[in-house]
file work_29.tsv (TSV, C-alpha atoms and all ligand atoms)
chain	number	residue	atom	x	y	z
T	1	THR	CA	0.00	0.00	0.00
T	2	PRO	CA	1.24	3.49	-0.81
T	3	ASN	CA	2.33	5.70	2.02
T	4	GLU	CA	0.94	9.14	2.64
T	5	SER	CA	3.62	10.94	0.66
T	6	GLU	CA	2.66	9.17	-2.55
T	7	LEU	CA	-0.01	9.97	-5.08
T	8	ILE	CA	-2.43	7.45	-6.49
T	9	PRO	CA	-4.87	7.75	-9.39
T	10	PHE	CA	-8.19	9.18	-8.21
T	11	ASP	CA	-10.87	6.58	-8.78
T	12	HIS	CA	-14.11	8.39	-7.94
T	13	SER	CA	-14.58	10.75	-10.85
T	14	ALA	CA	-18.10	10.79	-12.20
T	15	ALA	CA	-17.21	12.72	-15.34
T	16	GLY	CA	-14.64	14.95	-16.96
T	17	HIS	CA	-11.01	14.58	-17.94
T	18	GLU	CA	-8.62	11.94	-16.73
T	19	GLY	CA	-5.47	12.73	-14.83
T	20	ILE	CA	-6.84	13.45	-11.36
T	21	SER	CA	-4.71	12.11	-8.52
T	22	SER	CA	-5.33	11.62	-4.85
T	23	ASN	CA	-3.15	11.31	-1.79
T	24	ALA	CA	-3.00	7.84	-0.26
T	25	SER	CA	-5.57	8.49	2.45
T	26	GLY	CA	-7.92	9.92	-0.16
T	27	SER	CA	-8.58	13.17	1.67
T	28	LEU	CA	-7.24	15.34	-1.17
T	29	ILE	CA	-7.37	15.42	-4.94
T	30	ILE	CA	-4.84	16.99	-7.29
T	31	LYS	CA	-6.36	18.10	-10.58
T	32	PRO	CA	-4.69	19.66	-13.63
T	33	CYS	CA	-6.50	22.97	-14.12
T	34	THR	CA	-6.56	26.39	-15.71
T	35	ARG	CA	-5.19	29.59	-14.18
T	36	ALA	CA	-8.78	30.89	-14.09
T	37	GLU	CA	-9.85	28.06	-11.80
T	38	ILE	CA	-7.04	28.81	-9.34
T	39	ASP	CA	-7.91	32.51	-9.43
T	40	PHE	CA	-11.55	31.73	-8.73
T	41	TYR	CA	-10.70	29.52	-5.73
T	42	GLU	CA	-8.23	32.06	-4.38
T	43	SER	CA	-10.70	34.93	-4.57
T	44	ALA	CA	-13.58	32.89	-3.15
T	45	LYS	CA	-12.40	33.87	0.33
T	46	ASP	CA	-14.10	37.21	-0.31
T	47	HIS	CA	-17.35	35.32	-0.99
T	48	PRO	CA	-17.75	33.14	2.09
T	49	LEU	CA	-21.32	32.04	1.38
T	50	PHE	CA	-20.31	30.79	-2.05
T	51	GLN	CA	-17.07	29.35	-0.70
T	52	ALA	CA	-19.04	27.23	1.77
T	53	HIS	CA	-20.43	25.32	-1.20
T	54	MET	CA	-17.05	24.70	-2.84
T	55	PRO	CA	-14.50	22.01	-1.98
T	56	THR	CA	-11.92	23.34	0.46
T	57	PHE	CA	-9.05	24.88	-1.49
T	58	ILE	CA	-5.69	23.61	-0.27
T	59	GLY	CA	-3.40	25.23	-2.78
T	60	SER	CA	-2.03	25.27	-6.29
T	61	LEU	CA	0.96	23.71	-7.98
T	62	SER	CA	2.71	25.16	-10.95
T	63	GLN	CA	5.35	23.97	-13.33
T	64	HIS	CA	8.67	25.70	-12.75
T	65	GLU	CA	10.46	27.15	-15.76
T	66	ASP	CA	13.75	25.60	-14.76
T	67	GLN	CA	12.65	22.16	-13.73
T	68	ASP	CA	16.09	20.78	-12.99
T	69	ALA	CA	16.79	23.56	-10.53
T	70	VAL	CA	13.79	22.72	-8.43
T	71	ALA	CA	13.06	19.52	-6.63
T	72	PRO	CA	9.98	18.21	-8.38
T	73	ILE	CA	7.42	18.28	-5.64
T	74	LEU	CA	4.62	16.43	-7.28
T	75	GLN	CA	6.38	14.84	-10.17
T	76	GLY	CA	3.89	13.56	-12.67
T	77	ALA	CA	0.74	14.17	-10.73
T	78	SER	CA	-1.26	12.11	-13.17
T	79	HIS	CA	0.92	9.07	-12.75
T	80	HIS	CA	0.64	6.21	-10.38
T	81	GLY	CA	2.61	6.13	-7.18
T	82	VAL	CA	5.06	8.91	-7.87
T	83	ALA	CA	6.66	10.17	-4.73
T	84	ALA	CA	6.05	13.59	-3.27
T	85	PRO	CA	8.03	14.71	-0.24
T	86	ALA	CA	6.40	13.63	2.98
T	87	GLY	CA	4.46	16.37	4.63
T	88	VAL	CA	3.82	18.39	1.51
T	89	ILE	CA	0.39	17.04	0.84
T	90	ALA	CA	-0.02	14.84	3.89
T	91	ASP	CA	-1.55	17.55	6.00
T	92	PRO	CA	-4.79	18.89	4.55
T	93	THR	CA	-4.43	22.29	6.16
T	94	PRO	CA	-5.88	25.00	3.94
T	95	GLY	CA	-3.13	27.25	2.64
T	96	LEU	CA	-0.38	24.77	3.45
T	97	ILE	CA	0.63	24.36	-0.14
T	98	LYS	CA	1.01	27.84	-1.45
T	99	ARG	CA	2.67	27.81	-4.81
T	100	ALA	CA	4.68	24.66	-4.82
T	101	THR	CA	6.50	23.76	-7.99
T	102	TRP	CA	5.42	20.76	-9.90
T	103	LYS	CA	6.83	18.94	-12.86
T	104	PRO	CA	4.13	17.41	-15.03
T	105	SER	CA	4.97	14.12	-16.63
T	106	GLY	CA	5.40	13.92	-20.37
T	107	GLY	CA	3.08	16.84	-20.88
T	108	LYS	CA	0.07	14.79	-21.88
T	109	LYS	CA	-3.18	16.57	-20.99
T	110	LEU	CA	-1.26	18.68	-18.51
T	111	SER	CA	-0.57	21.42	-20.97
T	112	THR	CA	-1.59	24.19	-18.60
T	113	GLY	CA	1.30	23.32	-16.30
T	114	THR	CA	-0.82	24.05	-13.27
T	115	ALA	CA	-2.73	21.86	-10.89
T	116	ILE	CA	-5.02	22.50	-7.97
T	117	VAL	CA	-5.14	20.67	-4.65
T	118	LEU	CA	-8.64	20.34	-3.22
T	119	GLU	CA	-10.54	18.56	-0.53
T	120	ASN	CA	-11.83	15.29	-1.95
T	121	VAL	CA	-15.59	15.61	-1.65
T	122	ALA	CA	-16.02	11.86	-2.11
T	123	SER	CA	-13.84	10.96	0.87
T	124	GLY	CA	-15.44	9.99	4.17
T	125	PHE	CA	-17.72	7.56	2.39
T	126	LYS	CA	-17.38	3.80	2.29
T	127	ARG	CA	-18.93	3.55	-1.19
T	128	PRO	CA	-19.52	7.03	-2.61
T	129	ASN	CA	-22.38	7.31	-5.10
T	130	VAL	CA	-21.35	10.27	-7.21
T	131	LEU	CA	-23.44	12.36	-9.62
T	132	ASP	CA	-22.03	15.22	-11.70
T	133	VAL	CA	-24.70	17.63	-12.93
T	134	LYS	CA	-23.38	20.17	-15.41
T	135	LEU	CA	-25.02	23.58	-15.11
T	136	GLY	CA	-26.15	26.06	-17.74
T	137	SER	CA	-27.72	26.24	-21.17
T	138	ARG	CA	-24.84	28.35	-22.29
T	139	LEU	CA	-21.68	26.33	-21.69
T	140	TRP	CA	-18.94	28.61	-23.04
T	141	ASP	CA	-17.24	31.69	-21.63
T	142	ASP	CA	-16.55	34.97	-23.37
T	143	GLU	CA	-13.09	33.80	-24.43
T	144	ALA	CA	-14.31	30.73	-26.31
T	145	PRO	CA	-13.68	30.70	-30.07
T	146	LEU	CA	-16.66	30.50	-32.38
T	147	ALA	CA	-16.12	26.83	-33.24
T	148	LYS	CA	-16.25	25.88	-29.56
T	149	ARG	CA	-19.38	27.95	-28.98
T	150	ARG	CA	-21.10	26.24	-31.91
T	151	LYS	CA	-20.14	22.79	-30.72
T	152	LEU	CA	-21.31	23.37	-27.15
T	153	ASP	CA	-24.52	25.05	-28.34
T	154	GLU	CA	-25.22	22.03	-30.50
T	155	VAL	CA	-24.81	19.66	-27.52
T	156	ALA	CA	-26.99	21.92	-25.38
T	157	GLU	CA	-29.70	22.02	-27.99
T	158	ARG	CA	-30.11	18.26	-28.20
T	159	THR	CA	-29.85	17.65	-24.44
T	160	THR	CA	-31.50	18.88	-21.25
T	161	SER	CA	-28.77	21.55	-21.02
T	162	GLY	CA	-30.82	23.57	-23.48
T	163	SER	CA	-34.29	22.82	-22.15
T	164	LEU	CA	-33.63	22.67	-18.39
T	165	GLY	CA	-30.30	24.40	-17.90
T	166	PHE	CA	-28.56	21.26	-16.69
T	167	ARG	CA	-27.61	17.82	-17.84
T	168	VAL	CA	-26.24	14.73	-16.17
T	169	ALA	CA	-22.54	14.81	-17.06
T	170	GLY	CA	-21.75	11.47	-15.47
T	171	MET	CA	-22.53	9.17	-12.62
T	172	LYS	CA	-20.73	6.49	-10.65
T	173	ILE	CA	-22.69	4.30	-8.28
T	174	TRP	CA	-21.95	1.33	-6.09
T	175	GLY	CA	-23.49	-1.76	-7.65
T	176	GLY	CA	-23.21	-3.98	-4.61
T	177	GLY	CA	-19.78	-5.40	-5.38
T	178	GLU	CA	-18.43	-8.17	-7.55
T	179	ASP	CA	-20.83	-10.72	-6.13
T	180	SER	CA	-23.79	-8.66	-7.22
T	181	ASN	CA	-25.27	-10.51	-10.17
T	182	THR	CA	-28.10	-8.17	-11.01
T	183	PRO	CA	-28.05	-8.01	-14.79
T	184	LEU	CA	-27.64	-4.64	-16.45
T	185	SER	CA	-30.72	-3.12	-18.06
T	186	PRO	CA	-30.67	-2.41	-21.81
T	187	VAL	CA	-30.01	1.28	-21.09
T	188	GLU	CA	-27.14	0.37	-18.76
T	189	ASN	CA	-25.72	-2.02	-21.33
T	190	GLU	CA	-25.34	0.90	-23.68
T	191	TYR	CA	-23.77	3.42	-21.29
T	192	VAL	CA	-22.36	1.65	-18.25
T	193	GLU	CA	-18.97	0.24	-17.48
T	194	VAL	CA	-18.72	-1.99	-14.41
T	195	LYS	CA	-15.45	-1.87	-12.51
T	196	ASN	CA	-14.54	-2.84	-8.94
T	197	GLY	CA	-18.19	-3.21	-8.10
T	198	TYR	CA	-19.09	0.30	-9.28
T	199	LYS	CA	-21.17	1.24	-12.29
T	200	SER	CA	-19.84	4.20	-14.25
T	201	TYR	CA	-22.34	5.94	-16.53
T	202	ASN	CA	-20.58	7.77	-19.36
T	203	LYS	CA	-21.39	11.20	-20.76
T	204	PHE	CA	-23.63	9.81	-23.48
T	205	TYR	CA	-25.96	8.49	-20.79
T	206	GLY	CA	-26.75	11.98	-19.57
T	207	GLN	CA	-26.94	13.29	-23.11
T	208	SER	CA	-29.59	10.71	-24.00
T	209	PHE	CA	-32.29	12.25	-21.80
T	210	LYS	CA	-35.02	14.71	-22.69
T	211	ALA	CA	-36.74	17.07	-20.26
T	212	GLU	CA	-39.65	14.60	-20.05
T	213	ASN	CA	-37.64	11.60	-18.88
T	214	VAL	CA	-34.53	13.00	-17.16
T	215	VAL	CA	-36.16	12.15	-13.83
T	216	ASP	CA	-35.18	8.56	-14.71
T	217	ALA	CA	-31.50	9.47	-14.33
T	218	PHE	CA	-32.19	10.62	-10.79
T	219	THR	CA	-34.19	7.54	-9.88
T	220	ALA	CA	-31.32	5.46	-11.25
T	221	TYR	CA	-28.93	7.43	-9.06
T	222	PHE	CA	-31.02	7.10	-5.91
T	223	GLY	CA	-31.88	3.49	-6.65
T	224	ALA	CA	-35.44	4.13	-5.63
T	225	VAL	CA	-37.13	2.40	-8.49
T	226	GLU	CA	-37.17	-1.26	-7.66
T	227	GLU	CA	-39.71	-3.88	-8.56
T	228	SER	CA	-41.15	-5.28	-5.38
T	229	GLY	CA	-40.35	-8.99	-5.38
T	230	ASP	CA	-42.12	-11.90	-3.73
T	231	GLY	CA	-42.14	-12.46	-0.02
T	232	ALA	CA	-42.14	-10.27	3.05
T	233	ALA	CA	-38.35	-9.99	3.40
T	234	VAL	CA	-37.85	-8.54	-0.05
T	235	GLU	CA	-40.83	-6.27	0.45
T	236	LYS	CA	-39.35	-4.89	3.65
T	237	LYS	CA	-35.93	-4.30	2.17
T	238	VAL	CA	-37.33	-2.33	-0.74
T	239	THR	CA	-39.29	-0.17	1.65
T	240	LEU	CA	-36.17	0.71	3.65
T	241	LYS	CA	-34.24	1.56	0.49
T	242	GLN	CA	-37.05	3.79	-0.67
T	243	LYS	CA	-37.23	5.42	2.74
T	244	ARG	CA	-33.50	6.14	2.67
T	245	ALA	CA	-33.63	7.44	-0.88
T	246	ARG	CA	-36.30	9.88	0.26
T	247	PHE	CA	-34.11	10.95	3.18
T	248	ILE	CA	-31.14	11.61	0.88
T	249	VAL	CA	-33.26	13.47	-1.66
T	250	GLN	CA	-34.52	15.74	1.12
T	251	ARG	CA	-30.95	16.46	2.19
T	252	PHE	CA	-29.98	17.32	-1.39
T	253	ILE	CA	-32.99	19.63	-1.69
T	254	ARG	CA	-31.83	21.57	1.37
T	255	GLU	CA	-28.30	21.91	-0.04
T	256	LEU	CA	-29.54	23.01	-3.44
T	257	GLU	CA	-31.87	25.56	-1.87
T	258	SER	CA	-28.88	27.01	-0.10
T	259	ILE	CA	-26.87	27.06	-3.33
T	260	GLN	CA	-29.80	28.74	-5.09
T	261	TYR	CA	-29.92	31.41	-2.38
T	262	VAL	CA	-26.18	32.05	-2.67
T	263	LEU	CA	-26.26	32.29	-6.47
T	264	GLU	CA	-29.20	34.68	-6.31
T	265	ASN	CA	-27.18	36.93	-4.04
T	266	GLU	CA	-23.78	36.77	-5.73
T	267	GLU	CA	-22.60	38.38	-8.93
T	268	SER	CA	-20.67	35.67	-10.69
T	269	ARG	CA	-20.65	33.67	-13.90
T	270	MET	CA	-19.67	30.06	-14.33
T	271	TYR	CA	-19.87	28.10	-17.56
T	272	SER	CA	-19.73	24.29	-17.62
T	273	ALA	CA	-19.44	24.18	-13.84
T	274	SER	CA	-21.17	21.35	-12.00
T	275	VAL	CA	-23.03	20.42	-8.91
T	276	LEU	CA	-21.32	17.35	-7.51
T	277	MET	CA	-23.61	15.19	-5.39
T	278	VAL	CA	-22.39	12.33	-3.25
T	279	TYR	CA	-24.17	9.99	-0.88
T	280	GLU	CA	-23.22	6.79	0.91
T	281	GLY	CA	-23.86	3.85	-1.38
T	282	ASP	CA	-23.21	1.10	1.14
T	283	GLU	CA	-26.54	0.39	2.79
T	284	ASP	CA	-25.09	-0.78	6.12
T	285	ALA	CA	-22.65	2.12	6.33
T	286	LEU	CA	-25.51	4.51	5.58
T	287	GLU	CA	-27.60	3.04	8.39
T	288	GLU	CA	-24.64	3.35	10.77
T	289	SER	CA	-24.02	6.96	9.79
T	290	ILE	CA	-27.65	7.87	10.26
T	291	ALA	CA	-27.76	6.14	13.66
T	292	ARG	CA	-24.55	7.87	14.66
T	293	GLU	CA	-25.84	11.26	13.62
T	294	GLU	CA	-29.01	10.74	15.62
T	295	ASN	CA	-26.82	9.77	18.58
T	296	GLU	CA	-24.63	12.82	18.22
T	297	ASP	CA	-27.65	15.09	18.04
T	298	GLY	CA	-28.94	13.52	21.24
T	299	GLU	CA	-25.59	13.94	22.96
T	300	GLU	CA	-25.25	17.56	21.92
T	301	GLY	CA	-28.65	18.28	23.38
T	302	ARG	CA	-27.69	16.54	26.62
T	303	ILE	CA	-24.39	18.40	26.97
T	304	ASN	CA	-26.08	21.70	26.32
T	305	ASP	CA	-28.85	20.89	28.76
T	306	GLU	CA	-26.48	20.07	31.56
T	307	ASP	CA	-24.02	22.75	30.51
T	308	GLU	CA	-21.18	20.31	31.06
T	309	ASP	CA	-17.77	20.43	29.46
T	310	GLU	CA	-17.21	17.06	27.84
T	311	ASP	CA	-15.00	18.37	25.06
T	312	GLU	CA	-12.04	16.18	25.93
T	313	ASP	CA	-14.07	12.99	25.66
T	314	ALA	CA	-15.58	14.11	22.40
T	315	ASP	CA	-12.16	14.80	20.91
T	316	GLU	CA	-10.96	11.37	21.92
T	317	ASP	CA	-13.95	9.69	20.32
T	318	GLU	CA	-13.35	11.54	17.11
T	319	ALA	CA	-9.68	10.70	16.94
T	320	GLN	CA	-10.34	7.00	17.47
T	321	ASP	CA	-13.03	6.81	14.86
T	322	THR	CA	-11.59	6.56	11.39
T	323	LYS	CA	-14.58	4.83	9.86
T	324	PRO	CA	-16.22	6.53	6.91
T	325	HIS	CA	-19.23	8.28	8.33
T	326	LYS	CA	-20.64	10.79	5.90
T	327	ILE	CA	-24.21	10.62	4.70
T	328	HIS	CA	-24.14	13.11	1.87
T	329	GLU	CA	-22.24	16.00	0.28
T	330	VAL	CA	-23.25	18.55	-2.35
T	331	ARG	CA	-20.71	21.01	-3.79
T	332	LEU	CA	-20.23	23.26	-6.74
T	333	ILE	CA	-17.14	22.21	-8.72
T	334	ASP	CA	-15.28	22.85	-11.97
T	335	PHE	CA	-14.52	26.57	-12.16
T	336	ALA	CA	-12.33	26.49	-15.26
T	337	HIS	CA	-14.68	29.09	-16.76
T	338	ALA	CA	-15.85	30.96	-13.69
T	339	ARG	CA	-15.33	34.49	-12.47
T	340	TRP	CA	-16.75	37.14	-10.18
T	341	THR	CA	-18.68	39.76	-12.13
T	342	PRO	CA	-19.54	42.71	-9.89
T	343	GLY	CA	-22.38	44.77	-11.29
T	344	ASP	CA	-23.71	42.04	-13.59
T	345	GLY	CA	-26.38	40.60	-11.30
T	346	SER	CA	-27.01	36.94	-10.49
T	347	ASP	CA	-25.99	34.01	-12.69
T	348	GLU	CA	-29.36	33.12	-14.22
T	349	ASN	CA	-27.71	30.63	-16.57
T	350	ALA	CA	-26.51	28.46	-13.68
T	351	LEU	CA	-29.59	29.21	-11.58
T	352	LYS	CA	-31.88	27.81	-14.24
T	353	GLY	CA	-30.17	24.46	-13.82
T	354	ILE	CA	-30.29	24.56	-10.04
T	355	ARG	CA	-34.01	25.39	-10.09
T	356	SER	CA	-34.71	22.60	-12.59
T	357	VAL	CA	-32.88	20.01	-10.49
T	358	LEU	CA	-34.79	21.22	-7.43
T	359	ASP	CA	-38.10	20.81	-9.29
T	360	ILE	CA	-37.20	17.24	-10.18
T	361	LEU	CA	-35.99	16.29	-6.69
T	362	ARG	CA	-39.14	17.81	-5.16
T	363	SER	CA	-41.27	15.80	-7.57
T	364	LEU	CA	-39.58	12.66	-6.24
T	365	VAL	CA	-40.54	13.27	-2.62
T	366	ASP	CA	-43.81	15.25	-2.82
O	401	LIG	P1	-13.23	18.55	-15.83
O	401	LIG	O1	-14.70	18.36	-16.08
O	401	LIG	O2	-12.74	19.80	-16.45
O	401	LIG	O3	-12.43	17.38	-16.21
O	401	LIG	P2	-13.93	18.60	-12.98
O	401	LIG	O4	-13.48	19.62	-11.99
O	401	LIG	O5	-15.35	18.64	-13.36
O	401	LIG	O6	-12.99	18.76	-14.27
O	401	LIG	O7	-13.55	17.18	-12.42
O	401	LIG	C1	-13.89	15.98	-13.09
O	401	LIG	C2	-14.53	14.98	-12.13
O	401	LIG	O8	-13.69	14.79	-11.01
O	401	LIG	C3	-15.88	15.44	-11.57
O	401	LIG	O9	-16.94	14.96	-12.35
O	401	LIG	C4	-15.90	14.83	-10.18
O	401	LIG	O10	-16.50	13.55	-10.22
O	401	LIG	C5	-14.43	14.70	-9.83
O	401	LIG	N1	-14.03	15.78	-8.91
O	401	LIG	C6	-13.62	17.02	-9.23
O	401	LIG	N2	-13.30	17.73	-8.14
O	401	LIG	C7	-13.54	16.93	-7.08
O	401	LIG	C8	-13.39	17.07	-5.66
O	401	LIG	N3	-12.94	18.20	-5.11
O	401	LIG	N4	-13.72	16.02	-4.87
O	401	LIG	C9	-14.17	14.88	-5.43
O	401	LIG	N5	-14.31	14.68	-6.73
O	401	LIG	C10	-14.00	15.69	-7.57
O	402	MN	MN	-16.46	18.97	-15.13

call {"tool": "encode", "arguments": {"input": "work_29.tsv", "output": "structure tokens", "more": "lines below"}}
Ligand code: ADP
Ligand code: MN
result
Amino acid sequence: TPNESELIPFDHSAAGHEGISSNASGSLIIKPCTRAEIDFYESAKDHPLFQAHMPTFIGSLSQHEDQDAVAPILQGASHHGVAAPAGVIADPTPGLIKRATWKPSGGKKLSTGTAIVLENVASGFKRPNVLDVKLGSRLWDDEAPLAKRRKLDEVAERTTSGSLGFRVAGMKIWGGGEDSNTPLSPVENEYVEVKNGYKSYNKFYGQSFKAENVVDAFTAYFGAVEESGDGAAVEKKVTLKQKRARFIVQRFIRELESIQYVLENEESRMYSASVLMVYEGDEDALEESIAREENEDGEEGRINDEDEDEDEDADEDEAQDTKPHKIHEVRLIDFAHARWTPGDGSDENALKGIRSVLDILRSLVD
């Protein structure tokens, strides 16, 4: 197993380019990126409400002009198991990595020469179920050449990007492991790759939906549509799954409402950014996390009631517990074409997508 100073390929992308790495513990990702994305993350500190919905920004890495003169700190970030000096990325303290130098390997796909180090939103889960929803009907920024605008407009026009202001960019969900022998549906056969027990839905999956049936992508993601089988046991299991799906959907609705509020009150533009949604795909781990959260809530109430200082005990419990324990996460990601635009009003292009997703999620639980 790699130690904490090594990088490994990041295996929980739902969409987008290859070449994302992770530290061994999985708490951080390192992603090749544009200068604009780094600028947007760096200036987000002046927009704390927006920042709260972004992955935590750890720092940026850039290629040094004179590579031989500088110890390559994250040599070949897209490659497997290349060493980085211990301590450089081991400690996920925001601001720790300021402007470290970095020597990209071979130059493939890393042409920008810069990378960004971010909190891994999919860490803290045993089996993260990840959905990337790309926002906007317009998907290009002001700098895009005409050919790119035309191409992206064409994709928008034939997908829900045009009609609803969002489309499913990709999805990766836990399929129950290698021993799961549920056959793939015809739709899945066309768009899904199964690997290590996960099902990865490619970009053509999301592009295949129309406004009328895109709800099916969300029911596939939440796993709420199951035929009820014979017998009481099966019946009961399906009911619990559906109950949990409802619980998760309600959590996502709350997060998206908060994102909607922030976008309505900020002046920014982002093109081809995404909402990244994650929830725990392991049913037992999800039950444990929910039970634990209910416990914690109870404890908090008790401590407050008695006005007792039990901080030391609480810290100890936390330190001992390294089990994945998250229930859900929702974040805005992918700011390659994002900027703050004072005076321009709210980002209605992105908001249209957020509102559409909210409509669909509400329709699932109402
Ligand atoms: P691009 O689309 O330009 O390749 P993204 O920023 O959208 O770049 O990243 C691609 C994929 O990587 C996303 O779909 C998402 O699944 C994953 N990803 C990106 N950033 C994070 C993050 N901070 N935590 C977890 N996963 C991420
Ligand atoms: Mn993306």

call {"tool": "closest_residue", "arguments": {"input": "work_29.tsv", "among": "T:Val187, T:Val262, T:Ile58, T:Ile333", "to": "ligand LIG 401 (chain O)", "atoms": "only C-alpha atoms and all ligand atoms"}}
result
T:Ile333

call {"tool": "closest_residue", "arguments": {"input": "work_29.tsv", "among": "T:Lys241, T:Lys210, T:Arg254, T:Lys151", "to": "Gly223 (chain T)", "atoms": "all atoms listed in the file"}}
result
T:Lys241

call {"tool": "closest_atom_pairs", "arguments": {"input": "work_29.tsv", "of": "chain T", "to": "ligand MN 402 (chain O)", "cutoff": "10 Å", "atoms": "all atoms listed in the file", "output": "CSV"}}
result
residue,atom,partner,partner_atom,distance
T:Ser13,CA,O:MN402,MN,9.5
T:Ala14,CA,O:MN402,MN,8.8
T:Ala15,CA,O:MN402,MN,6.3
T:Gly16,CA,O:MN402,MN,4.8
T:His17,CA,O:MN402,MN,7.5
T:Asp132,CA,O:MN402,MN,7.5
T:Val133,CA,O:MN402,MN,8.6
T:Lys134,CA,O:MN402,MN,7.0
T:Leu135,CA,O:MN402,MN,9.7
T:Ala169,CA,O:MN402,MN,7.6
T:Gly170,CA,O:MN402,MN,9.2
T:Ser272,CA,O:MN402,MN,6.7
T:Ala273,CA,O:MN402,MN,6.1
T:Ser274,CA,O:MN402,MN,6.1
T:Val275,CA,O:MN402,MN,9.2
T:Leu276,CA,O:MN402,MN,9.2
T:Ile333,CA,O:MN402,MN,7.2
T:Asp334,CA,O:MN402,MN,5.1
T:Phe335,CA,O:MN402,MN,8.4
T:Ala336,CA,O:MN402,MN,8.6

call {"tool": "write_last_selection", "arguments": {"input": "work_29.tsv", "atoms": "C-alpha atoms", "output": "PDB file, in the frame of the given file"}}
result
ATOM      1  CA  SER T  13     -14.580  10.750 -10.850  1.00  0.00           C
ATOM      2  CA  ALA T  14     -18.100  10.790 -12.200  1.00  0.00           C
ATOM      3  CA  ALA T  15     -17.210  12.720 -15.340  1.00  0.00           C
ATOM      4  CA  GLY T  16     -14.640  14.950 -16.960  1.00  0.00           C
ATOM      5  CA  HIS T  17     -11.010  14.580 -17.940  1.00  0.00           C
ATOM      6  CA  ASP T 132     -22.030  15.220 -11.700  1.00  0.00           C
ATOM      7  CA  VAL T 133     -24.700  17.630 -12.930  1.00  0.00           C
ATOM      8  CA  LYS T 134     -23.380  20.170 -15.410  1.00  0.00           C
ATOM      9  CA  LEU T 135     -25.020  23.580 -15.110  1.00  0.00           C
ATOM     10  CA  ALA T 169     -22.540  14.810 -17.060  1.00  0.00           C
ATOM     11  CA  GLY T 170     -21.750  11.470 -15.470  1.00  0.00           C
ATOM     12  CA  SER T 272     -19.730  24.290 -17.620  1.00  0.00           C
ATOM     13  CA  ALA T 273     -19.440  24.180 -13.840  1.00  0.00           C
ATOM     14  CA  SER T 274     -21.170  21.350 -12.000  1.00  0.00           C
ATOM     15  CA  VAL T 275     -23.030  20.420  -8.910  1.00  0.00           C
ATOM     16  CA  LEU T 276     -21.320  17.350  -7.510  1.00  0.00           C
ATOM     17  CA  ILE T 333     -17.140  22.210  -8.720  1.00  0.00           C
ATOM     18  CA  ASP T 334     -15.280  22.850 -11.970  1.00  0.00           C
ATOM     19  CA  PHE T 335     -14.520  26.570 -12.160  1.00  0.00           C
ATOM     20  CA  ALA T 336     -12.330  26.490 -15.260  1.00  0.00           C
TER      21      ALA T 336
END

call {"tool": "closest_residue", "arguments": {"input": "work_29.tsv", "among": "T:Val215, T:Leu332, T:Ile327, T:Leu263", "to": "ligand LIG 401 (chain O)", "atoms": "only C-alpha atoms and all ligand atoms"}}
result
T:Leu332

call {"tool": "residues_around", "arguments": {"input": "work_29.tsv", "residues": "Ser346 (chain T)", "least_positions_apart": "6", "cutoff": "7 Å", "atoms": "all atoms listed in the file", "output": "PyMOL selection string"}}
result
chain T and resi 263-268

call {"tool": "residues_around", "arguments": {"input": "work_29.tsv", "residues": "Tyr191 (chain T)", "least_positions_apart": "4", "cutoff": "7 Å", "atoms": "all atoms listed in the file", "output": "MDAnalysis selection string"}}
result
chainID T and resid 187 201:202 204:205

call {"tool": "atom_distance", "arguments": {"input": "work_29.tsv", "atom1": "CA of Gln207 (chain T)", "atom2": "CA of Ala156 (chain T)"}}
result
8.9 Å

call {"tool": "atom_distance", "arguments": {"input": "work_29.tsv", "atom1": "CA of Gln51 (chain T)", "atom2": "atom O2 of ligand LIG 401 (chain O)"}}
result
18.9 Å

call {"tool": "atom_distance", "arguments": {"input": "work_29.tsv", "atom1": "CA of Arg339 (chain T)", "atom2": "CA of Cys33 (chain T)"}}
result
14.6 Å

call {"tool": "closest_residue", "arguments": {"input": "work_29.tsv", "among": "T:Glu6, T:Glu193, T:Asp141, T:Glu37", "to": "ligand LIG 401 (chain O)", "atoms": "all atoms listed in the file"}}
result
T:Glu37

call {"tool": "closest_residue", "arguments": {"input": "work_29.tsv", "among": "T:Asp39, T:Asp46, T:Glu288, T:Glu119", "to": "Pro324 (chain T)", "atoms": "all atoms listed in the file"}}
result
T:Glu288

call {"tool": "closest_residue", "arguments": {"input": "work_29.tsv", "among": "T:Ala338, T:Leu240, T:Val192, T:Leu118", "to": "Leu61 (chain T)", "atoms": "all atoms listed in the file"}}
result
T:Leu118

call {"tool": "residues_near_point", "arguments": {"input": "work_29.tsv", "point": "(-28.8, 22.6, -13.1)", "cutoff": "9 Å", "atoms": "all atoms listed in the file", "output": "PyMOL selection string"}}
result
chain T and resi 133-137+161+164-168+274-275+349-358

call {"tool": "build_atoms", "arguments": {"input": "work_29.tsv", "residues": "region 173-177 of chain T", "atoms": "N, CA and C atoms", "output": "short mmCIF file (atom, residue, chain, number, x, y, z; two decimals), in the coordinates of the input"}}
result
data_model
loop_
_atom_site.label_atom_id
_atom_site.label_comp_id
_atom_site.auth_asym_id
_atom_site.auth_seq_id
_atom_site.Cartn_x
_atom_site.Cartn_y
_atom_site.Cartn_z
N ILE T 173 -21.97 4.81 -9.45
CA ILE T 173 -22.69 4.30 -8.28
C ILE T 173 -22.26 2.88 -7.91
N TRP T 174 -22.31 2.65 -6.62
CA TRP T 174 -21.95 1.33 -6.09
C TRP T 174 -23.01 0.33 -6.52
N GLY T 175 -22.55 -0.76 -7.13
CA GLY T 175 -23.49 -1.76 -7.65
C GLY T 175 -23.62 -2.96 -6.76
N GLY T 176 -23.08 -2.87 -5.55
CA GLY T 176 -23.21 -3.98 -4.61
C GLY T 176 -22.03 -4.92 -4.63
N GLY T 177 -21.00 -4.59 -5.39
CA GLY T 177 -19.78 -5.40 -5.38
C GLY T 177 -19.75 -6.45 -6.47
#
